[in-house]
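Source file: my_file.txt; contents: compact mmCIF, C-alpha atoms.
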```txt
# COMPACT_ATOMS: atom_id res chain seq x y z
CA MET A 1 32.57 11.07 12.93
CA SER A 2 34.53 13.52 10.76
CA VAL A 3 33.50 17.12 10.18
CA ILE A 4 32.75 16.31 6.54
CA SER A 5 30.55 13.36 7.54
CA SER A 6 28.71 15.54 10.06
CA LEU A 7 28.06 18.18 7.41
CA ILE A 8 26.77 15.55 4.99
CA LEU A 9 24.42 14.13 7.62
CA GLN A 10 23.18 17.59 8.59
CA ARG A 11 22.47 18.33 4.95
CA LEU A 12 20.58 15.08 4.61
CA VAL A 13 18.40 15.44 7.70
CA PRO A 14 15.57 17.29 5.87
CA ALA A 15 15.73 14.78 3.02
CA ILE A 16 15.62 11.79 5.36
CA THR A 17 12.81 13.35 7.36
CA ALA A 18 10.87 14.01 4.17
CA PHE A 19 11.45 10.46 3.05
CA VAL A 20 10.15 9.04 6.34
CA LEU A 21 7.11 11.32 6.15
CA PHE A 22 6.55 10.16 2.61
CA LEU A 23 6.69 6.48 3.59
CA ASN A 24 4.42 7.12 6.55
CA SER A 25 1.95 8.87 4.25
CA VAL A 26 1.72 5.67 2.23
CA ALA A 27 1.91 3.09 5.02
CA GLY A 28 -0.27 5.24 7.26
CA LEU A 29 -3.14 4.90 4.82
CA PHE A 30 -3.63 1.45 6.30
CA GLY A 31 -3.77 2.62 9.93
CA ALA A 32 -1.38 2.19 12.84
CA ALA A 33 -2.04 0.31 16.08
CA PRO A 34 -0.85 -2.74 18.03
CA VAL A 35 -1.65 -5.84 16.03
CA ILE A 36 -4.43 -8.19 17.15
CA PRO A 37 -4.39 -11.13 14.70
CA TYR A 38 -7.72 -12.30 13.34
CA ASN A 39 -6.19 -15.10 11.28
CA PRO A 40 -2.68 -15.55 12.72
CA GLU A 41 -2.06 -18.50 10.39
CA ARG A 42 -1.94 -17.39 6.76
CA THR A 43 -3.98 -19.42 4.33
CA ASP A 44 -3.39 -19.97 0.64
CA VAL A 45 -6.55 -19.49 -1.40
CA VAL A 46 -6.58 -22.18 -4.08
CA VAL A 47 -9.11 -22.12 -6.92
CA SER A 48 -9.53 -25.62 -8.34
CA GLY A 49 -12.03 -28.03 -9.83
CA GLU A 50 -14.88 -26.38 -11.70
CA VAL A 51 -13.75 -22.79 -12.17
CA THR A 52 -15.64 -19.73 -13.37
CA THR A 53 -13.86 -16.70 -14.78
CA ASP A 54 -16.95 -14.54 -15.29
CA VAL A 55 -15.84 -11.23 -13.75
CA ASN A 56 -19.35 -9.86 -13.24
CA GLU A 57 -20.53 -13.04 -11.52
CA ILE A 58 -17.47 -13.13 -9.26
CA LEU A 59 -17.79 -9.43 -8.36
CA GLY A 60 -21.44 -10.00 -7.53
CA TYR A 61 -20.40 -12.42 -4.78
CA TYR A 62 -17.34 -10.44 -3.73
CA ASN A 63 -18.98 -7.02 -3.46
CA ALA A 64 -21.92 -8.45 -1.54
CA ALA A 65 -19.54 -10.31 0.78
CA VAL A 66 -17.55 -7.14 1.54
CA LYS A 67 -20.73 -5.28 2.52
CA LYS A 68 -22.04 -8.14 4.68
CA THR A 69 -18.70 -8.74 6.35
CA ASN A 70 -18.27 -5.09 7.31
CA LYS A 71 -21.64 -5.09 9.07
CA SER A 72 -20.12 -7.40 11.66
CA PHE A 73 -17.01 -7.16 13.82
CA VAL A 74 -13.82 -7.61 11.82
CA ILE A 75 -10.25 -7.51 13.01
CA GLY A 76 -7.18 -8.15 10.92
CA SER A 77 -3.73 -6.78 10.23
CA SER A 78 -1.75 -4.93 7.60
CA SER A 79 1.99 -4.85 7.02
CA SER A 80 4.44 -3.34 4.57
CA LYS A 81 7.94 -4.06 3.34
CA GLY A 82 10.41 -2.10 1.31
CA ASN A 83 11.67 -3.43 -2.00
CA GLY A 84 15.29 -2.76 -2.86
CA THR A 85 17.12 0.42 -1.84
CA PRO A 86 15.35 3.78 -1.69
CA GLU A 87 16.95 6.66 -3.56
CA ILE A 88 17.29 10.37 -2.92
CA VAL A 89 18.94 12.73 -5.41
CA MET A 90 19.91 16.28 -4.41
CA ASP A 91 21.55 18.77 -6.78
CA GLU A 92 22.19 15.93 -9.24
CA GLU A 93 24.08 14.08 -6.49
CA THR A 94 22.83 10.59 -5.72
CA VAL A 95 22.97 9.97 -1.99
CA SER A 96 21.30 6.57 -1.93
CA GLU A 97 24.29 4.86 -0.29
CA ILE A 98 24.18 7.14 2.73
CA THR A 99 20.39 7.14 2.66
CA ASN A 100 20.37 3.35 2.74
CA GLU A 101 22.39 3.33 5.97
CA LEU A 102 20.31 6.05 7.61
CA MET A 103 17.03 4.44 6.54
CA LYS A 104 17.99 0.92 7.61
CA THR A 105 16.39 1.23 11.03
CA TYR A 106 13.18 2.70 9.62
CA TRP A 107 13.01 0.11 6.86
CA THR A 108 13.53 -2.75 9.34
CA THR A 109 10.96 -1.32 11.74
CA LEU A 110 8.44 -0.88 8.94
CA GLU A 111 8.80 -4.51 7.90
CA ALA A 112 8.54 -5.73 11.50
CA THR A 113 5.44 -3.68 12.32
CA SER A 114 1.86 -4.71 11.74
CA SER A 115 -1.17 -2.46 12.04
CA THR A 116 -4.69 -3.39 13.04
CA VAL A 117 -7.58 -3.10 10.60
CA PHE A 118 -11.18 -3.31 11.71
CA LYS A 119 -12.90 -3.82 8.38
CA VAL A 120 -12.49 -5.60 5.11
CA PRO A 121 -10.87 -3.21 2.58
CA GLY A 122 -13.21 -1.27 0.33
CA GLU A 123 -16.95 -0.69 0.34
CA GLY A 124 -18.04 -3.49 -1.99
CA ASN A 125 -18.19 -1.27 -5.08
CA VAL A 126 -15.49 -2.79 -7.31
CA PHE A 127 -16.23 -2.40 -11.04
CA ALA A 128 -15.58 -4.93 -13.79
CA ALA A 129 -13.26 -2.36 -15.38
CA ASP A 130 -11.10 -2.51 -12.23
CA VAL A 131 -10.39 -6.20 -12.82
CA GLU A 132 -7.71 -7.64 -15.06
CA SER A 133 -8.79 -11.24 -14.45
CA ALA A 134 -10.66 -13.28 -11.85
CA LYS A 135 -11.48 -16.88 -11.03
CA MET A 136 -13.71 -18.62 -8.52
CA SER A 137 -14.52 -22.17 -7.47
CA VAL A 138 -16.87 -23.67 -4.87
CA LYS A 139 -16.15 -26.49 -2.44
CA ASP A 140 -17.94 -27.58 0.74
CA GLY A 141 -20.10 -24.47 0.89
CA LYS A 142 -17.20 -22.07 0.46
CA ARG A 143 -16.27 -19.88 -2.50
CA TYR A 144 -12.58 -19.50 -3.27
CA VAL A 145 -11.97 -16.24 -5.09
CA ILE A 146 -8.85 -14.71 -6.65
CA ILE A 147 -9.14 -11.29 -8.30
CA ASN A 148 -6.27 -9.58 -10.12
CA ILE A 149 -6.76 -5.82 -10.16
CA VAL A 150 -5.49 -3.70 -13.04
CA ASP A 151 -2.24 -1.73 -12.65
CA THR A 152 -3.22 1.70 -11.37
CA LYS A 153 -1.52 5.10 -11.61
CA ASP A 154 -1.79 7.70 -8.88
CA SER A 155 -3.99 10.48 -10.20
CA GLY A 156 -5.65 12.00 -7.15
CA ASP A 157 -9.03 10.88 -8.53
CA GLU A 158 -10.97 7.80 -7.46
CA ASN A 159 -9.63 4.71 -9.19
CA ALA A 160 -9.51 0.92 -8.94
CA LEU A 161 -7.27 0.91 -5.88
CA ASP A 162 -9.55 3.32 -4.05
CA ARG A 163 -12.51 1.03 -4.65
CA VAL A 164 -10.69 -2.22 -3.85
CA TYR A 165 -8.56 -1.11 -0.91
CA GLY A 166 -10.70 1.75 0.34
CA TYR A 167 -8.02 4.45 0.44
CA SER A 168 -7.08 7.44 -1.64
CA THR A 169 -3.93 7.25 -3.77
CA GLY A 170 -3.63 11.06 -3.89
CA LEU A 171 -0.01 11.20 -2.68
CA ALA A 172 0.66 14.83 -3.62
CA GLU A 173 -2.24 16.03 -1.50
CA SER A 174 -1.17 13.77 1.37
CA LEU A 175 2.43 14.99 1.30
CA ASN A 176 1.51 18.66 1.00
CA SER A 177 -0.84 18.34 3.98
CA SER A 178 2.11 17.24 6.15
CA GLY A 179 3.16 20.89 6.44
CA TYR A 180 6.81 20.04 5.79
CA MET A 181 6.99 19.81 2.04
CA THR A 182 5.65 21.12 -1.23
CA VAL A 183 5.06 18.75 -4.12
CA ASP A 184 3.47 19.47 -7.48
CA GLU A 185 0.99 16.75 -8.43
CA LYS A 186 2.43 16.58 -11.96
CA ASN A 187 5.81 15.57 -10.48
CA VAL A 188 4.38 12.52 -8.70
CA ASN A 189 4.72 9.29 -10.67
CA ALA A 190 3.25 6.37 -8.70
CA VAL A 191 2.20 3.04 -10.18
CA TYR A 192 0.56 0.26 -8.18
CA THR A 193 1.09 -3.24 -9.56
CA ASP A 194 0.64 -6.85 -8.45
CA ASN A 195 -2.71 -5.87 -6.96
CA THR A 196 -4.37 -9.11 -5.91
CA VAL A 197 -7.35 -10.06 -3.77
CA SER A 198 -7.59 -13.65 -2.50
CA CYS A 199 -10.51 -14.56 -0.26
CA ILE A 200 -12.82 -17.31 0.93
CA ILE A 201 -16.55 -16.56 1.15
CA ASP A 202 -18.87 -18.70 3.27
CA ASP A 203 -22.02 -19.42 1.27
CA ASP A 204 -24.22 -19.74 4.38
CA SER A 205 -23.40 -16.31 5.81
CA GLY A 206 -22.28 -14.63 2.61
CA LYS A 207 -19.32 -13.22 4.53
CA ILE A 208 -15.59 -13.32 3.92
CA ILE A 209 -14.01 -15.73 6.40
CA TYR A 210 -10.48 -15.14 5.14
CA GLY A 211 -9.02 -12.48 2.88
CA ASP A 212 -5.62 -11.36 1.64
CA TRP A 213 -5.15 -8.04 -0.20
CA ASP A 214 -1.72 -7.34 -1.74
CA SER A 215 -0.37 -4.35 -3.64
CA THR A 216 3.03 -2.95 -4.63
CA GLY A 217 3.56 0.77 -5.11
CA SER A 218 6.55 2.07 -7.09
CA VAL A 219 6.88 5.79 -6.58
CA GLU A 220 9.09 8.56 -7.95
CA ILE A 221 8.70 12.21 -7.02
CA SER A 222 10.77 15.07 -8.42
CA ASP A 223 11.33 18.72 -7.47
CA ILE A 224 10.39 18.52 -3.80
CA THR A 225 10.77 21.47 -1.45
CA VAL A 226 11.22 20.54 2.21
CA GLU A 227 11.12 23.12 4.99
CA ILE A 228 11.83 22.06 8.57
CA ALA A 229 12.57 24.56 11.35
CA ASP A 230 13.07 27.37 8.80
CA VAL A 231 15.64 25.27 6.91
CA LYS A 232 14.64 24.84 3.28
CA THR A 233 16.02 21.99 1.19
CA GLU A 234 15.44 21.16 -2.46
CA ILE A 235 15.31 17.48 -3.41
CA ALA A 236 15.64 16.67 -7.10
CA LYS A 237 14.23 13.14 -6.87
CA MET A 238 12.97 10.67 -4.32
CA SER A 239 11.97 7.10 -5.21
CA PHE A 240 11.16 3.80 -3.56
CA SER A 241 9.01 0.68 -3.83
CA LEU A 242 6.72 -0.59 -1.07
CA THR A 243 4.62 -3.75 -0.90
CA THR A 244 1.59 -3.76 1.39
CA ASN A 245 -0.39 -6.75 2.60
CA ILE A 246 -3.76 -6.71 4.38
CA ASP A 247 -4.72 -9.98 6.06
CA VAL A 248 -8.23 -10.46 7.48
```
Could you write out this file's structure as structure tokens?
Amino acid sequence: MSVISSLILQRLVPAITAFVLFLNSVAGLFGAAPVIPYNPERTDVVVSGEVTTDVNEILGYYNAAVKKTNKSFVIGSSSSKGNGTPEIVMDEETVSEITNELMKTYWTTLEATSSTVFKVPGEGNVFAADVESAKMSVKDGKRYVIINIVDTKDSGDENALDRVYGYSTGLAESLNSSGYMTVDEKNVNAVYTDNTVSCIIDDDSGKIIYGDWDSTGSVEISDITVEIADVKTEIAKMSFSLTTNIDV
């Protein structure tokens, strides 16, 4: 490795470290542990036949099912994958090409790692205003439900994603609590799209017997200060897109 390359890598270490911490702050919201599959074979939830699209009726069944299911033992998994190439900009210099190489191992590991979850996401308190559209059908004593959640911006306050997925989307607070970086909340632009819940509810027990919760977060943060081992680095912009799946 040349001297110039070594200097570049040294300069990027705080940025790469910050980026990994940032990704972990997002992915870590879903927990981290060896995976123990509850439903190792994924199932497609298909709504067909006589279909209802009454959001309030569907949420009545769904919210009740979440509460009942979480009173019993639940074990499932969550996983994440990166979309496209992450980007870091320092002093108006885009270093995404180098970043892509340095992040390859982390990105690959992230996509190959599953985490265990021990409850159905949320607390069963989803509002009609959180829902863009929903549909439900019944067959052989089972309710097939698909709920599309509205696109949600990170605000630090409780929102649709908090209620559906049961985690806080306050990224600025999460990053600042790491002790390595300082981020102003106004410089965090995070939008969560393609938020979908697909589940099967057993009418006899009222519990969810299969569920799939998907969400994609596209995040851009500007003016980040990173301080590691008394070395302070300013990052002009950091952005990436991450898709998370919870399978119970």
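Residue nearest Asp184 (chain A) within the list A:Ala172, A:Val51, A:Ala160, A:Val66: A:Ala172 [criterion: smallest interatomic distance, all atoms listed in the file].
Between CA of Lys237 (chain A) and CA of Leu175 (chain A) there is a distance of 14.5 Å.
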Q: Using only C-alpha atoms, find the one residue out of A:Thr52, A:Ser241, A:Thr196, A:Thr108 that sits nearest to Asp130 (chain A).
A: A:Thr196
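From CA of Asn187 (chain A) back to CA of Asp151 (chain A), the distance works out to 19.2 Å.
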Q. Which of these, A:Gly84, A:Ser218, A:Thr243, A:Cys199, has the shortest distance to Arg143 (chain A) once you count all atoms listed in the file?
A. A:Cys199
Q.
Can you pull out the residues contacting Val47 (chain A)? Cut-off 8 Å, using only C-alpha atoms, and skip same-chain residues under 2 positions away; I want them as a list of chain:residue names.
A. A:Val45, A:Gly49, A:Val51, A:Lys135, A:Met136, A:Ser137, A:Tyr144, A:Val145, A:Ile146
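Using all atoms listed in the file, the protein and nucleic acid residues lying no more than 7 Å from Val131 (chain A), apart from those fewer than 4 places from it along its own chain, are Ile147, Asn148, Ile149 and Val150 of chain A.
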Q: Identify, on the basis of only C-alpha atoms, every residue whose closest approach to Met181 (chain A) does not exceed 9 Å; exclude the query and any residue fewer than 2 positions from it along the same chain; express the result as a ChimeraX atom specification.
A: /A:18,175-179,183,224-228
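Interatomic distance, CA of Lys67 (chain A) against CA of Gly124 (chain A): 5.5 Å.
Counting all atoms listed in the file and comparing A:Thr193, A:Ser80, A:Asn70, A:Thr85, the residue that lies closest to Phe118 (chain A) is A:Asn70.
You can rank A:Asp91, A:Ser115, A:Lys139, A:Ala129 by their closest distance to Ser48 (chain A) using all atoms listed in the file, and at the top of that list sits A:Lys139.
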Would you give the centre and edge lengths, in Å to one decimal, of a box along x, y and z around the listed atoms of region 146-154 of chain A, with 3 Å added to each side, as JSON?
```
{"center_x": -5.3, "center_y": -3.5, "center_z": -9.8, "size_x": 13.6, "size_y": 28.4, "size_z": 12.4}
```
**Q.** Nearest candidate to Gly141 (chain A) (options A:Ser72, A:Ser205, A:Ser222, A:Thr233; using only C-alpha atoms)
**A.** A:Ser205
What lies within 7 Å of Tyr165 (chain A) using only C-alpha atoms, ignoring chain neighbours under 2 positions off, as a tab-separated table (two decimals) with C-alpha atoms, in the frame of the given file?
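For reference, result13.tsv as written:
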```tsv
chain	number	residue	atom	x	y	z
A	121	PRO	CA	-10.87	-3.21	2.58
A	122	GLY	CA	-13.21	-1.27	0.33
A	161	LEU	CA	-7.27	0.91	-5.88
A	162	ASP	CA	-9.55	3.32	-4.05
A	163	ARG	CA	-12.51	1.03	-4.65
A	167	TYR	CA	-8.02	4.45	0.44
```
Q: Skip Val55 (chain A) itself and residues of its chain fewer than 3 positions away, then list as an NGL selection string all residues within 7 Å of it, counting all atoms listed in the file.
A: :A and (58-59 or 128 or 134)
